[in-house]
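For reference, input.txt is printed below; it contains compact mmCIF, C-alpha atoms.
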# COMPACT_ATOMS: atom_id res chain seq x y z
CA MET A 1 -21.07 -29.98 -10.78
CA LYS A 2 -18.00 -30.28 -8.59
CA THR A 3 -16.26 -27.13 -7.36
CA VAL A 4 -12.61 -27.21 -8.42
CA PHE A 5 -11.66 -23.74 -7.19
CA GLU A 6 -13.18 -21.32 -4.69
CA LYS A 7 -11.92 -18.74 -2.23
CA THR A 8 -10.29 -20.52 0.71
CA LYS A 9 -11.80 -20.44 4.20
CA GLY A 10 -8.43 -19.22 5.42
CA LEU A 11 -9.30 -15.74 4.16
CA THR A 12 -12.12 -13.44 5.21
CA ASP A 13 -14.77 -12.17 2.78
CA LYS A 14 -13.29 -8.68 2.79
CA THR A 15 -12.21 -7.36 -0.63
CA PHE A 16 -8.45 -6.72 -0.91
CA HIS A 17 -7.47 -3.06 -1.03
CA TYR A 18 -4.50 -3.82 -3.28
CA CYS A 19 -4.07 -2.15 -6.70
CA PRO A 20 -5.27 -3.99 -9.83
CA GLY A 21 -2.81 -6.74 -10.77
CA CYS A 22 -0.90 -6.59 -7.46
CA THR A 23 0.23 -10.12 -6.66
CA HIS A 24 -0.17 -9.75 -2.88
CA GLY A 25 -3.59 -11.37 -3.30
CA ILE A 26 -2.08 -14.52 -4.82
CA VAL A 27 0.44 -14.79 -1.97
CA HIS A 28 -2.32 -14.26 0.62
CA ARG A 29 -4.23 -17.13 -0.96
CA LEU A 30 -1.22 -19.48 -0.99
CA VAL A 31 -0.49 -18.82 2.69
CA ALA A 32 -4.14 -19.21 3.73
CA GLU A 33 -4.63 -22.38 1.65
CA SER A 34 -1.47 -23.92 3.14
CA LEU A 35 -2.71 -23.23 6.69
CA VAL A 36 -6.10 -24.79 5.88
CA GLU A 37 -4.60 -27.84 4.16
CA LEU A 38 -2.20 -28.45 7.07
CA ASN A 39 -5.17 -28.12 9.43
CA VAL A 40 -3.50 -25.45 11.57
CA LEU A 41 -5.64 -22.41 10.76
CA ASP A 42 -7.17 -22.24 14.24
CA LYS A 43 -3.77 -22.24 15.95
CA ALA A 44 -2.05 -19.96 13.43
CA ILE A 45 -0.95 -16.47 14.46
CA GLY A 46 0.21 -14.11 11.73
CA VAL A 47 2.25 -10.96 12.16
CA ALA A 48 1.43 -8.20 9.68
CA PRO A 49 4.12 -5.69 8.67
CA VAL A 50 4.09 -2.01 7.79
CA GLY A 51 3.68 -1.49 4.06
CA CYS A 52 0.98 -2.29 1.52
CA SER A 53 0.15 -5.51 3.39
CA VAL A 54 -0.36 -3.69 6.72
CA PHE A 55 -4.06 -4.64 6.58
CA ALA A 56 -3.24 -8.34 6.23
CA TYR A 57 -4.90 -8.81 9.63
CA GLU A 58 -8.25 -7.98 8.02
CA TYR A 59 -7.83 -10.64 5.35
CA PHE A 60 -6.43 -13.71 7.10
CA ASN A 61 -9.02 -15.76 8.96
CA CYS A 62 -6.70 -16.50 11.89
CA ASP A 63 -5.31 -14.54 14.83
CA MET A 64 -3.17 -11.65 13.66
CA GLN A 65 -0.93 -9.04 15.21
CA GLN A 66 0.41 -5.93 13.51
CA ALA A 67 4.03 -5.08 14.27
CA SER A 68 6.03 -1.86 14.11
CA HIS A 69 7.95 -1.26 10.91
CA GLY A 70 10.39 -4.14 10.36
CA ARG A 71 9.83 -5.69 13.78
CA ALA A 72 7.59 -8.57 12.72
CA PRO A 73 10.25 -11.30 13.32
CA ALA A 74 10.86 -9.93 16.85
CA VAL A 75 7.12 -9.92 17.61
CA ALA A 76 6.78 -13.40 16.09
CA THR A 77 9.66 -14.59 18.32
CA GLY A 78 7.79 -13.42 21.40
CA ILE A 79 4.50 -15.01 20.32
CA LYS A 80 6.13 -18.34 19.44
CA ARG A 81 8.05 -18.52 22.72
CA VAL A 82 4.98 -17.73 24.85
CA LEU A 83 2.67 -19.97 22.80
CA PRO A 84 4.97 -22.73 21.48
CA ASP A 85 2.05 -24.80 20.19
CA SER A 86 0.87 -22.05 17.86
CA ILE A 87 1.96 -21.75 14.24
CA VAL A 88 3.51 -18.31 13.84
CA PHE A 89 4.27 -16.59 10.55
CA THR A 90 5.30 -13.10 9.52
CA TYR A 91 4.17 -11.57 6.23
CA GLN A 92 6.62 -8.87 5.19
CA GLY A 93 7.53 -6.83 2.14
CA ASP A 94 11.02 -5.86 1.03
CA GLY A 95 10.68 -2.33 2.41
CA ASP A 96 9.87 -3.83 5.79
CA LEU A 97 12.17 -6.85 5.92
CA ALA A 98 15.22 -5.79 3.90
CA SER A 99 15.61 -2.18 5.07
CA ILE A 100 14.37 -1.10 8.49
CA GLY A 101 13.80 -4.69 9.60
CA SER A 102 17.14 -6.14 8.43
CA ALA A 103 18.45 -6.46 12.00
CA GLU A 104 15.36 -8.27 13.29
CA ILE A 105 15.25 -10.79 10.45
CA MET A 106 18.99 -11.53 10.67
CA HIS A 107 18.88 -12.20 14.39
CA ALA A 108 15.62 -14.19 14.25
CA ALA A 109 17.33 -16.43 11.66
CA ALA A 110 20.60 -16.54 13.62
CA ARG A 111 18.72 -17.62 16.75
CA GLY A 112 16.98 -20.29 14.67
CA GLU A 113 13.53 -19.20 15.83
CA ASN A 114 10.92 -21.79 14.86
CA ILE A 115 8.84 -19.36 12.75
CA THR A 116 7.88 -19.06 9.09
CA VAL A 117 8.68 -15.85 7.25
CA ILE A 118 6.80 -14.94 4.07
CA TYR A 119 8.91 -12.29 2.35
CA VAL A 120 7.31 -10.53 -0.62
CA ASN A 121 9.96 -8.77 -2.72
CA ASN A 122 8.82 -6.32 -5.38
CA ALA A 123 12.00 -4.19 -5.58
CA ILE A 124 10.28 -0.97 -4.52
CA PHE A 125 8.58 0.78 -1.61
CA GLY A 126 4.95 0.40 -2.69
CA MET A 127 2.75 2.02 -0.04
CA THR A 128 4.75 5.23 0.36
CA GLY A 129 4.70 6.00 -3.35
CA GLY A 130 7.36 4.04 -5.21
CA GLN A 131 10.64 5.10 -3.58
CA MET A 132 13.90 3.22 -4.05
CA ALA A 133 14.17 0.16 -1.76
CA PRO A 134 17.27 -1.84 -0.79
CA THR A 135 16.11 -4.41 -3.36
CA THR A 136 15.70 -1.94 -6.26
CA LEU A 137 17.63 -3.11 -9.33
CA ILE A 138 20.57 -1.19 -10.79
CA GLY A 139 19.15 1.28 -13.32
CA GLN A 140 15.56 0.92 -12.07
CA VAL A 141 13.64 4.20 -12.09
CA THR A 142 11.80 5.06 -8.87
CA THR A 143 10.57 8.36 -7.44
CA THR A 144 13.84 8.75 -5.48
CA SER A 145 16.07 7.49 -8.30
CA PRO A 146 14.54 9.30 -11.31
CA ASN A 147 17.62 8.59 -13.45
CA GLY A 148 17.75 4.94 -12.42
CA ARG A 149 19.55 3.43 -9.42
CA ASP A 150 23.23 4.37 -9.62
CA PRO A 151 25.50 1.99 -7.67
CA LEU A 152 28.05 4.76 -7.08
CA THR A 153 25.64 6.71 -4.92
CA ASP A 154 22.87 4.21 -4.09
CA GLY A 155 24.74 0.91 -3.71
CA TYR A 156 23.55 -2.50 -4.87
CA PRO A 157 20.40 -4.57 -4.29
CA ILE A 158 20.37 -6.86 -1.24
CA ASN A 159 19.76 -10.58 -1.78
CA MET A 160 18.19 -11.52 1.54
CA SER A 161 17.73 -15.22 0.77
CA GLU A 162 21.42 -15.72 -0.05
CA MET A 163 22.40 -13.78 3.08
CA LEU A 164 20.13 -15.68 5.46
CA ALA A 165 21.12 -19.03 3.95
CA GLN A 166 24.68 -18.38 5.22
CA LEU A 167 23.51 -18.35 8.84
CA ILE A 168 23.81 -21.57 10.79
CA GLY A 169 20.44 -20.93 12.44
CA SER A 170 18.30 -20.96 9.27
CA THR A 171 16.69 -24.21 8.14
CA TYR A 172 14.88 -23.66 4.87
CA ILE A 173 15.33 -20.70 2.51
CA GLU A 174 13.80 -20.64 -0.97
CA ARG A 175 13.04 -17.96 -3.54
CA VAL A 176 9.98 -18.43 -5.74
CA SER A 177 7.88 -16.27 -8.09
CA ILE A 178 4.24 -16.08 -9.09
CA THR A 179 4.45 -15.04 -12.73
CA ASN A 180 2.54 -17.97 -14.21
CA VAL A 181 0.39 -20.92 -13.16
CA LYS A 182 3.38 -23.27 -12.86
CA ASN A 183 5.33 -20.83 -10.66
CA VAL A 184 2.26 -20.18 -8.47
CA LYS A 185 1.83 -23.91 -7.90
CA HIS A 186 5.51 -24.27 -7.06
CA ALA A 187 5.32 -21.28 -4.67
CA LYS A 188 2.43 -22.98 -2.88
CA LYS A 189 4.54 -26.12 -2.38
CA ALA A 190 7.40 -24.05 -0.97
CA ILE A 191 5.13 -22.14 1.44
CA LYS A 192 3.50 -25.36 2.58
CA LYS A 193 6.89 -26.94 3.20
CA ALA A 194 7.95 -23.91 5.26
CA PHE A 195 4.89 -24.38 7.49
CA GLU A 196 5.52 -28.13 7.71
CA ASN A 197 9.03 -27.37 8.95
CA GLN A 198 7.57 -25.27 11.73
CA ILE A 199 5.04 -27.97 12.65
CA ASN A 200 7.95 -30.47 12.83
CA ASN A 201 9.99 -28.03 14.99
CA LYS A 202 12.78 -27.81 12.43
CA GLY A 203 13.46 -24.10 12.90
CA PHE A 204 13.61 -20.91 10.88
CA SER A 205 12.13 -20.98 7.35
CA MET A 206 11.83 -18.10 4.91
CA ILE A 207 10.16 -18.08 1.50
CA GLU A 208 11.02 -15.09 -0.65
CA ILE A 209 8.33 -14.46 -3.25
CA LEU A 210 9.21 -12.21 -6.17
CA SER A 211 6.19 -10.02 -6.70
CA THR A 212 5.05 -7.15 -8.91
CA CYS A 213 4.05 -3.54 -8.27
CA PRO A 214 2.37 -2.43 -11.52
CA THR A 215 1.36 0.96 -10.08
CA ASN A 216 4.80 2.07 -8.95
CA TRP A 217 6.73 0.30 -11.71
CA GLY A 218 4.53 2.24 -14.16
CA MET A 219 3.53 -0.84 -16.15
CA THR A 220 0.40 -2.84 -16.93
CA PRO A 221 -0.06 -5.93 -14.75
CA LEU A 222 0.92 -8.20 -17.66
CA ASP A 223 4.03 -6.18 -18.54
CA SER A 224 4.99 -6.29 -14.85
CA LEU A 225 4.97 -10.09 -14.86
CA LYS A 226 7.16 -10.05 -17.98
CA TRP A 227 9.55 -7.52 -16.41
CA LEU A 228 9.80 -9.69 -13.30
CA ASP A 229 10.69 -12.74 -15.39
CA GLU A 230 13.20 -10.91 -17.56
CA LYS A 231 14.86 -8.40 -15.25
CA MET A 232 14.26 -9.27 -11.63
CA GLN A 233 15.10 -12.95 -11.92
CA SER A 234 18.62 -12.22 -13.21
CA VAL A 235 19.38 -10.35 -9.96
CA PHE A 236 17.23 -12.55 -7.71
CA PRO A 237 17.61 -16.09 -9.10
CA LEU A 238 14.94 -18.60 -8.09
CA GLY A 239 15.79 -21.72 -6.18
CA VAL A 240 16.41 -23.39 -2.84
CA PHE A 241 19.30 -21.69 -1.02
CA LYS A 242 19.25 -23.85 2.06
CA GLU A 243 17.42 -26.92 3.18
CA VAL A 244 18.42 -28.80 6.29
CA LYS A 245 16.98 -32.31 6.06
CA MET B 1 -25.01 -24.35 -14.75
CA LYS B 2 -22.11 -21.97 -15.17
CA LYS B 3 -18.64 -23.49 -14.97
CA VAL B 4 -16.78 -20.31 -14.20
CA ILE B 5 -18.31 -17.58 -12.05
CA PHE B 6 -16.87 -14.10 -11.52
CA LYS B 7 -17.84 -11.74 -8.70
CA HIS B 8 -18.15 -8.80 -11.09
CA ASP B 9 -18.39 -6.14 -8.42
CA GLU B 10 -15.00 -7.06 -6.95
CA CYS B 11 -13.08 -7.39 -10.25
CA LYS B 12 -10.32 -4.83 -10.82
CA GLY B 13 -9.87 -5.63 -14.52
CA CYS B 14 -6.15 -6.44 -14.23
CA GLY B 15 -6.37 -9.02 -17.01
CA LEU B 16 -4.17 -11.73 -15.46
CA CYS B 17 -7.02 -14.27 -15.84
CA ALA B 18 -7.63 -13.51 -19.52
CA ALA B 19 -3.90 -13.84 -20.30
CA VAL B 20 -3.63 -17.41 -18.94
CA CYS B 21 -6.97 -18.75 -20.23
CA PRO B 22 -6.05 -21.55 -22.70
CA LYS B 23 -9.41 -21.18 -24.49
CA LYS B 24 -9.25 -17.35 -24.62
CA ILE B 25 -12.89 -17.00 -23.62
CA ILE B 26 -12.44 -14.34 -20.90
CA PHE B 27 -13.19 -10.78 -22.03
CA PHE B 28 -13.86 -7.45 -20.35
CA ASP B 29 -17.49 -6.43 -20.17
CA LYS B 30 -18.58 -3.03 -21.48
CA SER B 31 -20.34 -2.31 -18.21
CA ILE B 32 -18.51 -0.57 -15.36
CA ASN B 33 -18.62 -2.05 -11.86
CA PRO B 34 -18.99 -0.01 -8.60
CA ASN B 35 -15.18 0.34 -8.36
CA GLY B 36 -14.98 1.80 -11.87
CA PHE B 37 -13.49 -1.19 -13.68
CA HIS B 38 -14.65 -3.21 -16.68
CA PRO B 39 -15.14 -6.64 -15.06
CA ALA B 40 -13.79 -9.87 -16.56
CA THR B 41 -16.58 -12.05 -17.94
CA VAL B 42 -17.16 -15.36 -19.71
CA ASP B 43 -20.14 -15.82 -22.02
CA GLU B 44 -19.12 -19.05 -23.77
CA GLN B 45 -19.46 -21.23 -20.66
CA ASP B 46 -19.62 -24.42 -22.75
CA LYS B 47 -16.08 -23.79 -24.05
CA CYS B 48 -14.64 -23.63 -20.51
CA ILE B 49 -12.55 -26.71 -19.64
CA SER B 50 -12.54 -25.99 -15.86
CA CYS B 51 -8.74 -25.90 -15.74
CA GLY B 52 -8.80 -23.22 -13.04
CA PHE B 53 -5.85 -21.28 -14.49
CA CYS B 54 -7.82 -18.00 -14.31
CA ALA B 55 -8.60 -18.54 -10.64
CA THR B 56 -5.00 -19.52 -9.90
CA MET B 57 -3.75 -16.19 -11.23
CA CYS B 58 -6.61 -13.95 -9.99
CA PRO B 59 -5.08 -11.70 -7.27
CA ASP B 60 -8.52 -10.79 -5.89
CA LEU B 61 -9.91 -14.33 -5.65
CA ILE B 62 -13.18 -13.43 -7.32
CA ILE B 63 -13.39 -16.55 -9.51
CA THR B 64 -15.10 -19.82 -8.66
CA VAL B 65 -14.54 -22.74 -11.06
CA ARG B 66 -16.74 -25.82 -11.28
CA LYS B 67 -16.46 -29.02 -13.26
CA GLU B 68 -19.05 -31.38 -14.68
CA VAL B 69 -18.77 -34.82 -13.14

Mind converting the file's structure to structure tokens?
Amino acid sequence: MKTVFEKTKGLTDKTFHYCPGCTHGIVHRLVAESLVELNVLDKAIGVAPVGCSVFAYEYFNCDMQQASHGRAPAVATGIKRVLPDSIVFTYQGDGDLASIGSAEIMHAAARGENITVIYVNNAIFGMTGGQMAPTTLIGQVTTTSPNGRDPLTDGYPINMSEMLAQLIGSTYIERVSITNVKNVKHAKKAIKKAFENQINNKGFSMIEILSTCPTNWGMTPLDSLKWLDEKMQSVFPLGVFKEVK
Amino acid sequence: MKKVIFKHDECKGCGLCAAVCPKKIIFFDKSINPNGFHPATVDEQDKCISCGFCATMCPDLIITVRKEV
């Protein structure tokens, strides 16, 4: 018997604390597998955010640092500049990257820092109990928009990938999703390419991964995947927004 | 030898594996694991084609897939 799939060595044996059906686990796996396959796990340094994935440092089998809310790209900048041979990545949610951390991510991209940003967008603040996030869709019900997000009072969702792709400093920006086997495999390729860019000193890469939050969306895990495909992808279209060859 | 192995105690019963299984052989056991979930299980191991789709979608990485060579 040949093993065709087992848990990667890039992750620790600790059981994830995430809710049932939360796709953080899939993204963790893709990042860890990419680091192992590129043979850079022992020189990788991850920066964990504030949010559901705050305990990412317990799961990744590499050096990790936990940053203040939204400040992961600033911390990653410091680490990469002091240890230029290390492979530095941030793992951030939309509540961390697109709201309180919007300044840090913009300027890290504008400076063209040679880091890899893994941005998990699930259109809601998960850890704090399902409040409206900058990425919440128009009409989406959250605990702070019980009648659905109203653009007159709450504004419109922010498309971070499109925004960052406009900056001269960014190198590779792609949005992917993990709703089925094909999309997961494609997401893995994108994440791996983002790390390859860093290894080749190409500059700032960000992969935005559309993700689900069954608990706070109030859906089953399977309905969440369907909702992501049907509703979220019309606001956050998949694709490569920038790739400097 | 089993082709597909689940760590039952760590399963959260989300059902993403069962939804993508092309042979539809994954079901939820009647037993309840220490976390209070019905764990995903496969009895008909001979029907498994070792495609690994279940493991690709499992958010908790509790599935190991093996193939006869």

Report task. Select all residues from chain A having any atom no more than 10 Å from an atom of chain B (counting all atoms listed in the file, ignoring ligands), output as a ChimeraX atom specification. Result -> /A:1-8,11,13,15-30,178-182,184-185,214,220-222,225

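In this structure, CA of Ala103 (chain A) sits 17.7 Å away from CA of Ile207 (chain A).
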
Query raised in the report: Residues at most 12 Å from Leu97 (chain A), counting all atoms listed in the file, excluding those fewer than 6 positions away in the same chain, as a ChimeraX atom specification?
Result: /A:48-51,67-74,90-91,103-106,108,117-123,125,133-135,158-161,164,206,208

Query raised in the report: Could you work out how far CA of Thr128 (chain A) lies from CA of Asp150 (chain A), giving the answer in Å with one decimal?
Result: 21.0 Å

Region 106-115 of chain A, all listed atoms, 6 Å padding on each side: what axis-aligned box centre and edge lengths in Å to one decimal come out, as AutoDock Vina command-line options?
--center_x 14.7 --center_y -16.7 --center_z 13.7 --size_x 23.8 --size_y 22.3 --size_z 18.1

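Between CA of Ser99 (chain A) and CA of Cys213 (chain A) the interatomic distance comes to 17.7 Å.
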
Query raised in the report: Lys30 (chain B): which residues within 10 Å, counting all atoms listed in the file, same-chain residues fewer than 4 positions away excluded, as number ranges by chain?
Result: B: 37-41

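Distance annotation: of A:Gly130, A:Gly95, A:Gly169, A:Pro157, the residue with the minimal separation from His107 (chain A) is A:Gly169; atom set is all atoms listed in the file.
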
Query raised in the report: So which residues touch Glu174 (chain A) within 10 Å, counting only C-alpha atoms, skipping near sequence neighbours fewer than 6 positions away, as number ranges by chain?
Result: A: 161-162, 165, 187, 190-191, 194, 205-209, 238-243

Query raised in the report: Within 12 Å of Asn114 (chain A), counting all atoms listed in the file, which residues qualify if same-chain residues fewer than 3 places away don't, as an MDAnalysis selection string?
Result: chainID A and resid 73 76:81 83:90 108:111 117 169:172 194:206

Report task. Could you give me, as a PyMOL selection string, the residues that have an atom at most 9 Å away from the point (-2.9, -24.3, 5.3) in the coordinates of the file, using all atoms listed in the file? Result -> chain A and resi 10+30-41+192+195
